[in-house]
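Taking it in order: structure first as structure tokens, then the write-up.
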Amino acid sequence: MRYGLIGKTLVHSYSKEIHEALGKYTYELFSLAPNELSPFISARDFDGLNVTIPYKKDVLPMCDEVSDLASSIGAVNTLYWKEHTLVGHNTDYEGFLYNAKRSNIEFNGRTVLILGSGGTSLMARKAAEDNGAEKVYIVSRSGAGDLSYDELPTVADKVNVIVNTTPVGTYPDNLKAVIDLADFINCEAVIDVIYNPFKTMLLMEAEAAGLKTAGGLAMLVAQATAAAGYFLGTPGAFECENEKIINKMISDMRNITLIGLPGCGKSTIGRILSERTGKRFVDMDDEIIKKAGMTIPEIFNTLGETGFRNVESQVAEELGKQTGLIIATGGGAVLRSENIFALKQNSLMVHIKRPIDLLPMGGRPLSKDAEALRNMEALRLPLYEAASDIMFDNSELCTDEALAEKVCKALEI
């Protein structure tokens with residue numbers, strides 16, 4: 001049996017891991033140039049295929065039959081066989097609605113703004129309209145939508161749900177956003193179909209504003225399990241696997257980033273977590289030393305604190321794009337919001353809290369005495385609390401083994 005994904009650039013796809021988690025078949029990735037698409041489909045040497053950017057519209061005329069749903073959307077993401085007939089279908093629709101439902105995002109009576117005008121945008125419009133959206137606007141730079149980006153101010157105050165179907169913010173061009181969320185004063189929810197990173201800048205801004213959010217990973221999983229049902233002739237059979245696969249992928253790929261005052265135990269706890277999870281441990285201070293080619297005291301003496309922070313921001317940006325890491329930050333990494341966004345996009349952020357009288361002071365340029373530490377805590381504690389997803393109390397003196405048990409229990413590892 002031969003199953004897989006066709007698209008133009010698939011090096012960062014998670015589809016293989018998702019499909020093979022079902023344990024039903026192996027799954028391949030086929031990166032095809034435009035001139036390779038038609039010969040590949042015409043050869044019919046496959047049992048089932050998923051289709052991604054930029055070929056969701058191109059495969060329509062290559063099918064023997066197109067489902068009513070895919071035809072109404074104008075895009076296909078799943079090819080399967082019904083006896084000897086090659087059928088084109090769209091399971092992105094099922095995945096999109098599953099994702100919205102698990103985040104309690106509703107379309108009924110809402111005005112929906114969809115960014116982008118490709119195949120995924122057409123699917124999102126269909127899903128929103130089928131679920132009672134009062135009005136749907138598609139925004140496009142190409143002129144293929146209802147509005148241009150320059151015309152957004154005319155509808156901004158009417159928008160309740162925003163859906164990003166553009167690639168803006170996708171790895172490796174992380175931390176970019178196509179709109180300013182602050183302009184949409186009546187927005188209540190944001191969906192972003194991007195799954196790498198886990199949280200785009202748009203989603204992080206929405207979270208900070210207290211809006212409902214849904215990233216692209218759950219949609220990716222749900223459309224894949226739906227496709228698997230069609231591949232194997234059992235539609236709907238694998239929806240029950242969605243949450244297990246989503247949780248496993250998050251557990252395997254998400255970073256754990258430790259923040260807190262200097263000397264609170266981030267490096268010790270980071271190494272413990274690395275041993276327990278198999279994730280690679282990275283100390284940001286070590287990475288800063290490598291990048292600068294100087295020790296941290298030398299960086300402060302030569303470049304000053306601003307120079308140190310500049311290097312620190314470069315390291316945060318580089319590490320934040322990666323997955324599967326345990327990251328121990330320097331105590332001041334939270335002082336720049338861009339560092340928080342960079343680290344938070346793929347991370348569970350853990351605040352390690354420890355009383356000042358238990359913090360070491362030797363060899364640390366900015367925490368030489370208790371008074372300096374108290375001032376530092378007053379400034380940084382609100383930043384740690386705002387940036388963190390969970391707090392771990394490291395106030396008890398205990399062995400590394402006991403500490404390991406406490407940390408893993410707290411983080412449910």
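Residues in the structure tokens are numbered from 1 in each chain, the chains being A, B, ... in the order shown, and ligands are numbered from 1 in the order shown.
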Please build the interface table for segment 190-286 of chain A against segment 146-169 of chain A with a cut-off of 10 Å, listing for each qualifying residue the nearest atom pair and the distance in Å to one decimal; count only C-alpha atoms, order rows by chain and increasing number, and write it as a tab-separated table.
```
residue	atom	partner	partner_atom	distance
A:Val190	CA	A:Ile162	CA	4.8
A:Ile191	CA	A:Val163	CA	4.7
A:Asp192	CA	A:Asn164	CA	4.7
A:Val193	CA	A:Thr165	CA	5.8
A:Ile194	CA	A:Pro167	CA	7.0
A:Tyr195	CA	A:Gly169	CA	9.9
A:Asn196	CA	A:Gly169	CA	8.6
A:Pro197	CA	A:Gly169	CA	8.1
A:Lys199	CA	A:Gly169	CA	9.3
A:Thr200	CA	A:Gly169	CA	6.0
A:Met201	CA	A:Gly169	CA	7.0
A:Leu202	CA	A:Gly169	CA	8.3
A:Leu203	CA	A:Asn164	CA	9.7
A:Leu211	CA	A:Val161	CA	9.8
A:Lys212	CA	A:Val161	CA	9.3
A:Thr213	CA	A:Ile162	CA	9.7
A:Ala214	CA	A:Val163	CA	9.4
A:Gly215	CA	A:Asn164	CA	9.8
A:Gly216	CA	A:Thr165	CA	9.8
```
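Computed from the coordinates, the atom CA of Ile288 of chain A to atom CA of Leu381 of chain A distance equals 23.0 Å.
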Write out, as JSON lines, each residue of segment 163-253 of chain A that has an atom at most 8 Å from segment 78-83 of chain A, together with the closest pair of atoms and their distance in Å to one decimal, counting only C-alpha atoms, rows going by chain and rising number.
```
{"residue": "A:Ala227", "atom": "CA", "partner": "A:Thr78", "partner_atom": "CA", "distance": 6.2}
{"residue": "A:Tyr230", "atom": "CA", "partner": "A:Tyr80", "partner_atom": "CA", "distance": 6.5}
{"residue": "A:Phe231", "atom": "CA", "partner": "A:Tyr80", "partner_atom": "CA", "distance": 5.4}
```
Restricting the output to N, CA, C and O atoms, write the selected residues as an mmCIF file, in the first residue's frame.
```cif
data_model
loop_
_atom_site.group_PDB
_atom_site.id
_atom_site.type_symbol
_atom_site.label_atom_id
_atom_site.label_comp_id
_atom_site.auth_asym_id
_atom_site.auth_seq_id
_atom_site.Cartn_x
_atom_site.Cartn_y
_atom_site.Cartn_z
ATOM 1 N N ALA A 227 -9.011 11.866 6.500
ATOM 2 C CA ALA A 227 -8.517 11.318 5.229
ATOM 3 C C ALA A 227 -8.222 9.829 5.356
ATOM 4 O O ALA A 227 -8.530 9.046 4.443
ATOM 5 N N TYR A 230 -11.214 7.734 4.754
ATOM 6 C CA TYR A 230 -11.549 7.571 3.338
ATOM 7 C C TYR A 230 -10.562 6.636 2.646
ATOM 8 O O TYR A 230 -10.953 5.824 1.799
ATOM 9 N N PHE A 231 -9.287 6.748 2.978
ATOM 10 C CA PHE A 231 -8.285 5.850 2.382
ATOM 11 C C PHE A 231 -8.677 4.384 2.581
ATOM 12 O O PHE A 231 -8.551 3.560 1.679
#
```
How would you write, as a ChimeraX atom specification, the set of residues in segment 164-409 of chain A that DSSP gives as helix (DSSP H, G or I)? /A:181-183,201-208,216-231,239-253,266-277,284-292,296-320,333-335,337-344,356-358,370-387,400-409
Excluding Ser72 of chain A and its own-chain neighbours fewer than 3 positions away, which residues fall within 10 Å of it when counting only C-alpha atoms? Please give them as an MDAnalysis selection string. chainID A and resid 66:69 75 90 122:123 126
Please, which residues of segment 126-366 of chain A, numbered as in this document, come out strand (DSSP E) from DSSP, as a PyMOL selection string? chain A and resi 135-139+161-164+189-192+212-214+255-259+280-283+325-328+347-353
